[in-house]
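Structure file my_file.txt; described as compact mmCIF, C-alpha atoms.
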```txt
# COMPACT_ATOMS: atom_id res chain seq x y z
CA MET S 30 72.71 72.69 -118.37
CA ILE S 31 71.94 70.39 -115.50
CA LYS S 32 68.28 69.65 -115.17
CA LEU S 33 67.45 69.53 -111.50
CA LYS S 34 64.79 67.31 -110.12
CA ILE S 35 63.48 68.68 -106.86
CA LEU S 36 64.36 66.41 -104.02
CA TYR S 37 61.38 65.93 -101.71
CA ASN S 38 62.32 62.66 -100.14
CA CYS S 39 64.02 63.07 -96.75
CA LEU S 40 65.42 59.55 -96.77
CA ALA S 41 67.20 60.30 -100.03
CA ALA S 42 68.32 63.68 -98.72
CA THR S 43 69.78 62.25 -95.51
CA ARG S 44 71.62 59.63 -97.55
CA LEU S 45 73.31 62.47 -99.36
CA VAL S 46 74.06 64.25 -96.09
CA SER S 47 75.62 61.07 -94.81
CA LYS S 48 77.70 60.52 -97.94
CA GLY S 49 78.72 64.17 -98.04
CA GLN S 50 80.52 63.70 -94.74
CA HIS S 51 83.08 61.55 -96.49
CA LYS S 52 83.28 62.64 -100.08
CA GLN S 53 82.53 65.57 -102.30
CA LEU S 54 79.06 65.08 -103.79
CA ASN S 55 78.66 65.59 -107.51
CA ILE S 56 77.22 68.95 -108.51
CA LYS S 57 73.74 67.66 -109.23
CA ASP S 58 73.44 65.93 -105.85
CA SER S 59 75.01 68.79 -104.02
CA LEU S 60 72.59 71.35 -105.50
CA SER S 61 69.49 69.29 -104.89
CA LEU S 62 70.61 68.67 -101.32
CA LYS S 63 71.20 72.37 -100.71
CA PHE S 64 67.76 73.12 -102.04
CA HIS S 65 66.17 70.46 -99.86
CA LEU S 66 68.01 71.59 -96.75
CA ALA S 67 66.89 75.19 -97.27
CA PHE S 68 63.32 74.11 -96.64
CA CYS S 69 63.62 71.08 -94.40
CA LYS S 70 64.22 71.62 -90.68
CA CYS S 71 64.36 67.89 -89.93
CA CYS S 72 67.17 67.26 -92.38
CA GLN S 73 69.02 70.37 -91.22
CA SER S 74 68.92 69.06 -87.71
CA PHE S 75 70.03 65.63 -88.90
CA GLN S 76 73.01 67.15 -90.66
CA ALA S 77 73.98 69.22 -87.64
CA ASP S 78 73.82 66.13 -85.42
CA LEU S 79 75.91 63.98 -87.75
CA ASP S 80 78.58 66.65 -88.00
CA PHE S 81 78.53 67.04 -84.25
CA VAL S 82 79.05 63.31 -83.73
CA LYS S 83 81.79 63.09 -86.35
CA GLU S 84 83.67 65.99 -84.88
CA ASN S 85 83.55 64.58 -81.39
CA LEU S 86 84.41 61.04 -82.45
CA MET S 87 87.91 62.21 -83.25
CA GLU S 88 88.47 62.98 -79.59
CA MET S 89 86.90 59.84 -78.27
CA ASP S 90 90.20 58.27 -77.27
CA GLU S 91 91.35 61.40 -75.54
CA HIS S 92 88.19 62.32 -73.66
CA GLY S 93 86.17 59.12 -73.59
CA GLU S 94 86.21 56.30 -71.09
CA LYS S 95 89.61 54.76 -70.29
CA TYR S 96 90.05 51.03 -69.85
CA PHE S 97 92.88 49.20 -68.14
CA LEU S 98 94.48 45.83 -68.58
CA ASN S 99 94.83 43.84 -65.40
CA GLU S 100 98.28 43.75 -63.83
CA ALA S 101 98.76 40.01 -64.16
CA TYR S 102 98.17 40.22 -67.89
CA LYS S 103 100.59 43.10 -68.21
CA LYS S 104 103.28 41.16 -66.35
CA GLU S 105 102.85 38.25 -68.71
CA LEU S 106 102.91 40.57 -71.68
CA GLN S 107 106.11 42.20 -70.48
CA LYS S 108 107.76 38.77 -70.29
CA ILE S 109 106.70 37.97 -73.84
CA VAL S 110 107.99 41.30 -75.14
CA LEU S 111 111.34 40.91 -73.35
CA THR S 112 111.79 37.40 -74.74
CA GLU S 113 111.11 38.71 -78.22
CA ILE S 114 113.58 41.59 -77.77
CA ASN S 115 116.33 39.22 -76.71
CA LYS S 116 115.75 36.78 -79.55
CA MET M 20 125.43 52.74 -86.34
CA ALA M 21 121.88 52.43 -87.61
CA ASP M 22 121.20 50.22 -84.66
CA ASN M 23 122.18 52.96 -82.26
CA THR M 24 119.86 55.67 -83.56
CA GLU M 25 117.05 53.18 -83.54
CA LYS M 26 117.47 52.36 -79.90
CA MET M 27 117.34 56.01 -79.02
CA LEU M 28 113.91 56.30 -80.60
CA LEU M 29 112.23 53.07 -79.62
CA ASN M 30 112.17 51.70 -76.11
CA PRO M 31 110.37 48.40 -76.40
CA GLU M 32 111.24 47.47 -72.81
CA LEU M 33 108.89 50.26 -71.74
CA TRP M 34 106.08 49.67 -74.19
CA VAL M 35 103.92 47.61 -71.84
CA LYS M 36 104.32 50.11 -69.03
CA ASN M 37 103.76 53.18 -71.19
CA TYR M 38 101.26 52.14 -73.82
CA ALA M 39 99.54 48.84 -73.03
CA ASP M 40 96.53 50.52 -71.39
CA SER M 41 96.03 53.15 -74.09
CA LEU M 42 96.30 50.54 -76.83
CA PHE M 43 93.88 48.33 -74.95
CA SER M 44 91.37 51.20 -74.60
CA PHE M 45 91.75 52.04 -78.26
CA ALA M 46 91.19 48.44 -79.31
CA LEU M 47 88.33 47.73 -76.93
CA LYS M 48 86.28 50.66 -78.23
CA ARG M 49 86.67 49.29 -81.72
CA VAL M 50 86.21 45.55 -81.26
CA ASN M 51 83.96 45.44 -78.26
CA ASN M 52 85.44 42.30 -76.77
CA GLU M 53 88.01 42.30 -73.97
CA GLU M 54 89.74 39.11 -74.95
CA VAL M 55 90.09 40.14 -78.57
CA ALA M 56 91.34 43.57 -77.50
CA GLN M 57 93.97 41.98 -75.25
CA ASP M 58 95.18 39.73 -78.05
CA LEU M 59 95.37 42.68 -80.41
CA VAL M 60 97.61 44.56 -77.98
CA GLN M 61 99.95 41.59 -77.80
CA GLU M 62 99.99 41.16 -81.58
CA THR M 63 100.71 44.85 -81.96
CA PHE M 64 103.75 44.73 -79.72
CA LEU M 65 105.10 41.60 -81.38
CA GLY M 66 104.42 42.95 -84.86
CA ALA M 67 106.10 46.24 -83.95
CA LEU M 68 109.18 44.41 -82.66
CA LYS M 69 109.45 42.47 -85.90
CA SER M 70 109.27 45.59 -88.00
CA ARG M 71 111.14 47.96 -85.73
CA ASN M 72 113.73 48.50 -88.44
CA ASN M 73 111.02 50.23 -90.46
CA PHE M 74 110.37 52.83 -87.80
CA ASP M 75 111.57 56.08 -89.33
CA GLY M 76 111.39 58.20 -86.20
CA LYS M 77 109.16 60.76 -87.87
CA SER M 78 106.16 60.02 -85.69
CA SER M 79 106.12 59.32 -81.99
CA GLU M 80 106.46 55.80 -80.71
CA LYS M 81 102.84 55.82 -79.61
CA THR M 82 101.49 57.07 -82.94
CA TRP M 83 103.46 54.35 -84.67
CA LEU M 84 102.11 51.65 -82.37
CA ILE M 85 98.53 52.90 -82.84
CA ALA M 86 99.00 52.75 -86.62
CA ILE M 87 100.06 49.11 -86.31
CA LEU M 88 97.13 48.39 -84.02
CA LYS M 89 94.76 49.88 -86.60
CA PHE M 90 96.04 47.41 -89.19
CA LYS M 91 95.56 44.56 -86.75
CA ILE M 92 91.98 45.62 -86.02
CA ILE M 93 91.14 45.83 -89.71
CA ASP M 94 92.70 42.39 -90.22
CA HIS M 95 90.61 41.09 -87.37
CA TYR M 96 87.46 42.28 -89.13
CA ARG M 97 88.65 40.85 -92.44
CA LEU M 98 89.09 37.41 -90.90
CA LYS M 99 85.82 37.68 -89.05
CA SER M 100 83.85 38.55 -92.14
CA LYS M 101 85.45 35.66 -94.01
CA LYS M 102 84.37 33.22 -91.33
CA GLN M 103 80.84 34.53 -91.23
CA THR M 104 78.55 32.56 -93.47
CA SER M 105 76.08 35.38 -93.86
CA SER M 106 77.68 38.46 -95.31
CA LEU M 107 76.20 41.93 -95.34
CA HIS M 108 72.94 42.36 -97.14
CA GLN M 109 71.13 45.29 -98.58
CA SER M 110 68.36 44.64 -96.08
CA ASP M 111 70.53 44.84 -92.94
CA GLY M 112 69.19 47.49 -90.61
CA GLU M 113 66.35 48.39 -92.94
CA GLU M 114 63.90 48.78 -90.04
CA ILE M 115 65.58 51.95 -88.90
CA GLU M 116 64.59 53.67 -92.12
CA ASN M 117 60.95 52.81 -91.58
CA HIS M 118 61.20 54.07 -88.05
CA TYR M 119 62.60 57.38 -89.18
CA PHE M 120 60.78 58.03 -92.44
CA GLU M 121 57.22 57.71 -93.67
CA PRO M 122 57.39 54.60 -95.84
CA LYS M 123 55.09 56.07 -98.49
CA ASP M 124 56.96 59.28 -99.30
CA GLY M 125 60.21 59.16 -97.34
CA HIS M 126 59.27 62.16 -95.20
CA PHE M 127 61.04 62.60 -91.91
CA ILE M 128 59.16 61.66 -88.80
CA PRO M 129 60.37 64.48 -86.52
CA GLN M 130 63.05 63.46 -84.02
CA PRO M 131 64.54 65.31 -81.08
CA SER M 132 67.85 66.97 -81.81
CA LEU M 133 71.00 65.48 -80.40
CA ILE M 134 73.18 68.53 -80.66
CA GLN M 135 70.78 70.52 -78.52
CA SER M 136 70.90 68.09 -75.66
CA PHE M 137 74.68 68.17 -75.67
CA ALA M 138 75.15 71.79 -76.57
CA ASN M 139 77.60 73.64 -74.39
CA SER M 140 80.10 70.85 -74.79
CA ASP M 141 82.80 72.89 -73.07
CA ASP M 142 81.24 71.54 -69.96
CA GLU M 143 83.51 68.66 -68.86
CA LEU M 144 80.69 66.65 -67.31
CA LEU M 145 78.52 66.96 -70.36
CA LYS M 146 81.41 65.89 -72.52
CA ARG M 147 81.97 62.80 -70.39
CA GLU M 148 78.32 61.99 -70.63
CA PHE M 149 78.37 62.44 -74.38
CA TYR M 150 81.14 59.85 -74.74
CA LYS M 151 79.46 57.46 -72.36
CA THR M 152 76.25 57.66 -74.37
CA LEU M 153 78.19 57.30 -77.60
CA GLU M 154 79.98 54.17 -76.43
CA ASN M 155 76.80 52.62 -75.11
CA CYS M 156 75.04 53.26 -78.39
CA LEU M 157 77.94 51.88 -80.43
CA LYS M 158 77.58 48.68 -78.43
CA LYS M 159 73.88 48.57 -79.24
CA LEU M 160 74.31 48.87 -82.99
CA PRO M 161 73.62 45.60 -84.82
CA SER M 162 77.06 44.11 -85.39
CA LYS M 163 77.03 44.38 -89.16
CA LEU M 164 76.21 48.07 -89.05
CA ALA M 165 78.70 48.61 -86.25
CA ILE M 166 81.59 47.09 -88.20
CA VAL M 167 81.07 49.38 -91.19
CA PHE M 168 80.64 52.39 -88.94
CA LYS M 169 83.77 51.65 -86.93
CA LEU M 170 85.94 50.95 -89.95
CA LYS M 171 84.97 54.27 -91.45
CA MET M 172 84.44 56.59 -88.52
CA LEU M 173 86.84 55.20 -85.92
CA LEU M 174 89.58 53.74 -88.10
CA GLU M 175 89.29 56.19 -90.99
CA GLU M 176 89.64 53.42 -93.52
CA ASP M 177 89.03 54.05 -97.25
CA ALA M 178 85.69 53.05 -98.68
CA ASP M 179 87.37 50.76 -101.22
CA VAL M 180 89.29 48.92 -98.53
CA ILE M 181 86.16 48.53 -96.41
CA CYS M 182 84.21 47.10 -99.34
CA GLU M 183 87.02 44.68 -100.09
CA THR M 184 87.49 43.77 -96.42
CA LEU M 185 83.82 42.99 -95.88
CA ASN M 186 83.16 41.85 -99.42
CA ILE M 187 80.31 44.29 -100.06
CA THR M 188 79.44 46.54 -102.98
CA ASN M 189 79.98 50.27 -102.91
CA THR M 190 76.23 50.98 -103.00
CA ASN M 191 75.63 48.60 -100.16
CA TYR M 192 78.43 50.24 -98.19
CA TRP M 193 76.83 53.71 -98.34
CA VAL M 194 73.42 52.37 -97.42
CA ILE M 195 74.76 50.46 -94.43
CA LEU M 196 76.89 53.36 -93.22
CA HIS M 197 73.90 55.67 -93.42
CA ARG M 198 71.70 53.27 -91.47
CA ALA M 199 74.37 52.98 -88.80
CA LYS M 200 74.43 56.75 -88.43
CA LEU M 201 70.63 56.94 -88.28
CA GLN M 202 70.49 54.28 -85.63
CA LEU M 203 73.29 55.80 -83.60
CA ARG M 204 71.65 59.19 -83.58
CA ASP M 205 68.34 57.63 -82.66
CA CYS M 206 69.91 55.74 -79.75
CA MET M 207 71.81 58.76 -78.50
CA THR M 208 68.81 61.07 -78.48
CA ASN M 209 66.73 58.47 -76.70
CA LEU M 210 69.32 57.76 -74.02
CA ARG M 211 69.47 61.43 -73.21
```
Please render this file's structure as structure tokens.
Amino acid sequence: MIKLKILYNCLAATRLVSKGQHKQLNIKDSLSLKFHLAFCKCCQSFQADLDFVKENLMEMDEHGEKYFLNEAYKKELQKIVLTEINK
Amino acid sequence: MADNTEKMLLNPELWVKNYADSLFSFALKRVNNEEVAQDLVQETFLGALKSRNNFDGKSSEKTWLIAILKFKIIDHYRLKSKKQTSSLHQSDGEEIENHYFEPKDGHFIPQPSLIQSFANSDDELLKREFYKTLENCLKKLPSKLAIVFKLKMLLEEDADVICETLNITNTNYWVILHRAKLQLRDCMTNLR
């Protein structure tokens, strides 16, 4: 039997939320987090926001700002690449 | 023979024209410094040319170049953290926790929700604004927090590799990553 300590502390709970985005929590942590989240609106909202950010981060390169190298630099770079190809 | 198939798959003469800008964008969002990003693009092309015999043709040319760029960015951070005299500490970014939670019992001090302000993200304009805010807030993260966040969230590196790269403990890694997320969320809700 796992003895569960009730998790009241939101800082500790959000640390678990944060970790849970990247790895499977152990059963004890996962249960106490579930219990905490059931009663805590702030941590629920925190979790929703983190998941939202993580999901959208994956498309950052596709949909985010685009930056461009200046043409002079690209010309120089092309020369370097061609020299290397012909080595 | 082998040489022939290779040339059909890789066209290094066109790399600069086709990929230099995308690689530059990718790098700049992760290193936050134009000069460094430019150098990384050059190193990527040269590195790719050296190892072009290893290209197996299973992924696209661009995917392959991005994978090489990722290695270069991680190397950049490895070197940088070696040069830095002060490494990451348990106390880095601690203030954010006190800003978010009651110090005595760790209770949340209520914050506005981020997801609500960007809900309806099908909206193209809102999406653009989301990414603008995100990039601005990434720039505002204290550099030590930003490095850990970027290695994990933008370069999808393993925790073990990040700890080794930055010479930090596993416990410290989770604490720092969490603080980066707290701070990012805080910044993004406030910029809205």
> S:Asn115, S:Tyr96, S:Lys70, S:Glu105: which is nearest chain M, counting only C-alpha atoms?
Replying inline: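 The shortest atom-to-atom distance to chain M comes from S:Tyr96.
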Please identify every residue of chain M that has at least one atom no farther than 9 Å from an atom of chain S, counting all atoms listed in the file, and for each give the shortest atom pair and the distance in Å to one decimal, arranged by chain then increasing number, as JSON lines.
```
{"residue": "M:Pro31", "atom": "CA", "partner": "S:Val110", "partner_atom": "CA", "distance": 7.6}
{"residue": "M:Glu32", "atom": "CA", "partner": "S:Leu111", "partner_atom": "CA", "distance": 6.6}
{"residue": "M:Leu33", "atom": "CA", "partner": "S:Gln107", "partner_atom": "CA", "distance": 8.6}
{"residue": "M:Trp34", "atom": "CA", "partner": "S:Gln107", "partner_atom": "CA", "distance": 8.3}
{"residue": "M:Val35", "atom": "CA", "partner": "S:Gln107", "partner_atom": "CA", "distance": 6.0}
{"residue": "M:Lys36", "atom": "CA", "partner": "S:Lys103", "partner_atom": "CA", "distance": 8.0}
{"residue": "M:Ala39", "atom": "CA", "partner": "S:Leu98", "partner_atom": "CA", "distance": 7.4}
{"residue": "M:Asp40", "atom": "CA", "partner": "S:Phe97", "partner_atom": "CA", "distance": 5.1}
{"residue": "M:Ser41", "atom": "CA", "partner": "S:Tyr96", "partner_atom": "CA", "distance": 7.6}
{"residue": "M:Phe43", "atom": "CA", "partner": "S:Leu98", "partner_atom": "CA", "distance": 6.9}
{"residue": "M:Ser44", "atom": "CA", "partner": "S:Tyr96", "partner_atom": "CA", "distance": 4.9}
{"residue": "M:Phe45", "atom": "CA", "partner": "S:Asp90", "partner_atom": "CA", "distance": 6.5}
{"residue": "M:Leu47", "atom": "CA", "partner": "S:Tyr96", "partner_atom": "CA", "distance": 8.0}
{"residue": "M:Lys48", "atom": "CA", "partner": "S:Asp90", "partner_atom": "CA", "distance": 8.6}
{"residue": "M:Gln57", "atom": "CA", "partner": "S:Leu98", "partner_atom": "CA", "distance": 7.7}
{"residue": "M:Gln61", "atom": "CA", "partner": "S:Leu106", "partner_atom": "CA", "distance": 6.9}
{"residue": "M:Phe64", "atom": "CA", "partner": "S:Val110", "partner_atom": "CA", "distance": 7.1}
{"residue": "M:Leu65", "atom": "CA", "partner": "S:Val110", "partner_atom": "CA", "distance": 6.9}
{"residue": "M:Leu68", "atom": "CA", "partner": "S:Ile114", "partner_atom": "CA", "distance": 7.2}
{"residue": "M:Lys69", "atom": "CA", "partner": "S:Glu113", "partner_atom": "CA", "distance": 8.7}
{"residue": "M:Glu116", "atom": "CA", "partner": "S:Leu40", "partner_atom": "CA", "distance": 7.5}
{"residue": "M:Tyr119", "atom": "CA", "partner": "S:Leu40", "partner_atom": "CA", "distance": 8.4}
{"residue": "M:Phe120", "atom": "CA", "partner": "S:Leu40", "partner_atom": "CA", "distance": 6.5}
{"residue": "M:Glu121", "atom": "CA", "partner": "S:Leu40", "partner_atom": "CA", "distance": 9.0}
{"residue": "M:Asp124", "atom": "CA", "partner": "S:Asn38", "partner_atom": "CA", "distance": 6.4}
{"residue": "M:Gly125", "atom": "CA", "partner": "S:Asn38", "partner_atom": "CA", "distance": 5.0}
{"residue": "M:His126", "atom": "CA", "partner": "S:Cys39", "partner_atom": "CA", "distance": 5.1}
{"residue": "M:Phe127", "atom": "CA", "partner": "S:Cys39", "partner_atom": "CA", "distance": 5.7}
{"residue": "M:Ile128", "atom": "CA", "partner": "S:Cys71", "partner_atom": "CA", "distance": 8.2}
{"residue": "M:Pro129", "atom": "CA", "partner": "S:Cys71", "partner_atom": "CA", "distance": 6.3}
{"residue": "M:Gln130", "atom": "CA", "partner": "S:Cys71", "partner_atom": "CA", "distance": 7.5}
{"residue": "M:Pro131", "atom": "CA", "partner": "S:Ser74", "partner_atom": "CA", "distance": 8.8}
{"residue": "M:Ser132", "atom": "CA", "partner": "S:Ser74", "partner_atom": "CA", "distance": 6.4}
{"residue": "M:Leu133", "atom": "CA", "partner": "S:Asp78", "partner_atom": "CA", "distance": 5.8}
{"residue": "M:Ile134", "atom": "CA", "partner": "S:Asp78", "partner_atom": "CA", "distance": 5.4}
{"residue": "M:Gln135", "atom": "CA", "partner": "S:Asp78", "partner_atom": "CA", "distance": 8.7}
{"residue": "M:Lys146", "atom": "CA", "partner": "S:His92", "partner_atom": "CA", "distance": 7.7}
{"residue": "M:Arg147", "atom": "CA", "partner": "S:Gly93", "partner_atom": "CA", "distance": 6.4}
{"residue": "M:Glu148", "atom": "CA", "partner": "S:Gly93", "partner_atom": "CA", "distance": 8.9}
{"residue": "M:Phe149", "atom": "CA", "partner": "S:Gly93", "partner_atom": "CA", "distance": 8.5}
{"residue": "M:Tyr150", "atom": "CA", "partner": "S:Gly93", "partner_atom": "CA", "distance": 5.2}
{"residue": "M:Lys151", "atom": "CA", "partner": "S:Glu94", "partner_atom": "CA", "distance": 7.0}
{"residue": "M:Leu153", "atom": "CA", "partner": "S:Val82", "partner_atom": "CA", "distance": 8.6}
{"residue": "M:Glu154", "atom": "CA", "partner": "S:Gly93", "partner_atom": "CA", "distance": 8.4}
{"residue": "M:Met172", "atom": "CA", "partner": "S:Lys83", "partner_atom": "CA", "distance": 7.3}
{"residue": "M:Leu173", "atom": "CA", "partner": "S:Leu86", "partner_atom": "CA", "distance": 7.2}
{"residue": "M:Trp193", "atom": "CA", "partner": "S:Lys48", "partner_atom": "CA", "distance": 6.9}
{"residue": "M:Val194", "atom": "CA", "partner": "S:Arg44", "partner_atom": "CA", "distance": 7.5}
{"residue": "M:Leu196", "atom": "CA", "partner": "S:Ser47", "partner_atom": "CA", "distance": 8.0}
{"residue": "M:His197", "atom": "CA", "partner": "S:Ser47", "partner_atom": "CA", "distance": 5.8}
{"residue": "M:Arg198", "atom": "CA", "partner": "S:Arg44", "partner_atom": "CA", "distance": 8.8}
{"residue": "M:Lys200", "atom": "CA", "partner": "S:Leu79", "partner_atom": "CA", "distance": 7.4}
{"residue": "M:Leu201", "atom": "CA", "partner": "S:Phe75", "partner_atom": "CA", "distance": 8.7}
{"residue": "M:Arg204", "atom": "CA", "partner": "S:Asp78", "partner_atom": "CA", "distance": 7.5}
```
>> To one decimal place in Å, what is the distance between atom CA of Arg71 of chain M and atom CA of Leu174 of chain M?
In response: 22.4 Å
> Which residue, M:Ile92, M:Ala86, M:Leu29, M:Val55, has the smallest gap to Asn72 of chain M when you use all atoms listed in the file?
Replying inline: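 Residue with the minimum atom-to-atom distance to Asn72 of chain M: M:Leu29.
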>> Ranking M:Asn30, M:Ser162, M:Asn189, M:Thr208 by minimum distance to Gln103 of chain M and counting all atoms listed in the file, which one comes first?
In response: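 For Gln103 of chain M, the nearest of the given residues is M:Ser162.
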>> Between atom CA of Gln76 of chain S and atom CA of Ser110 of chain M, what is the distance in Å, rounded to a tenth?
In response: 23.6 Å
> Could you state the separation of atom CA of Leu170 of chain M and atom CA of Asn51 of chain M in Å, given to one decimal place?
Replying inline: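 Here the two named atoms are 13.1 Å from each other.
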Residue contacts of Ile93 of chain M (12 Å, only C-alpha atoms) excluding same-chain residues fewer than 6 positions away, as a PDB file with C-alpha atoms, keeping the file's coordinate frame:
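Contents of result-v6.pdb, freshly written:
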```pdb
ATOM      1  CA  ALA M  46      91.190  48.440 -79.310  1.00  0.00           C
ATOM      2  CA  ARG M  49      86.670  49.290 -81.720  1.00  0.00           C
ATOM      3  CA  VAL M  50      86.210  45.550 -81.260  1.00  0.00           C
ATOM      4  CA  LEU M  59      95.370  42.680 -80.410  1.00  0.00           C
ATOM      5  CA  ALA M  86      99.000  52.750 -86.620  1.00  0.00           C
ATOM      6  CA  ILE M  87     100.060  49.110 -86.310  1.00  0.00           C
ATOM      7  CA  LYS M  99      85.820  37.680 -89.050  1.00  0.00           C
ATOM      8  CA  SER M 100      83.850  38.550 -92.140  1.00  0.00           C
ATOM      9  CA  ILE M 166      81.590  47.090 -88.200  1.00  0.00           C
ATOM     10  CA  VAL M 167      81.070  49.380 -91.190  1.00  0.00           C
ATOM     11  CA  LYS M 169      83.770  51.650 -86.930  1.00  0.00           C
ATOM     12  CA  LEU M 170      85.940  50.950 -89.950  1.00  0.00           C
ATOM     13  CA  LYS M 171      84.970  54.270 -91.450  1.00  0.00           C
ATOM     14  CA  LEU M 173      86.840  55.200 -85.920  1.00  0.00           C
ATOM     15  CA  LEU M 174      89.580  53.740 -88.100  1.00  0.00           C
ATOM     16  CA  GLU M 175      89.290  56.190 -90.990  1.00  0.00           C
ATOM     17  CA  GLU M 176      89.640  53.420 -93.520  1.00  0.00           C
ATOM     18  CA  ASP M 177      89.030  54.050 -97.250  1.00  0.00           C
ATOM     19  CA  VAL M 180      89.290  48.920 -98.530  1.00  0.00           C
ATOM     20  CA  ILE M 181      86.160  48.530 -96.410  1.00  0.00           C
ATOM     21  CA  CYS M 182      84.210  47.100 -99.340  1.00  0.00           C
ATOM     22  CA  GLU M 183      87.020  44.680-100.090  1.00  0.00           C
ATOM     23  CA  THR M 184      87.490  43.770 -96.420  1.00  0.00           C
ATOM     24  CA  LEU M 185      83.820  42.990 -95.880  1.00  0.00           C
TER      25      LEU M 185
END
```
>> Counting all atoms listed in the file, which residue out of M:Lys123, M:His118, M:Arg97, M:Lys77 sits closest to Gln202 of chain M?
In response: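 Ranked by minimum distance to Gln202 of chain M, first place goes to M:His118.
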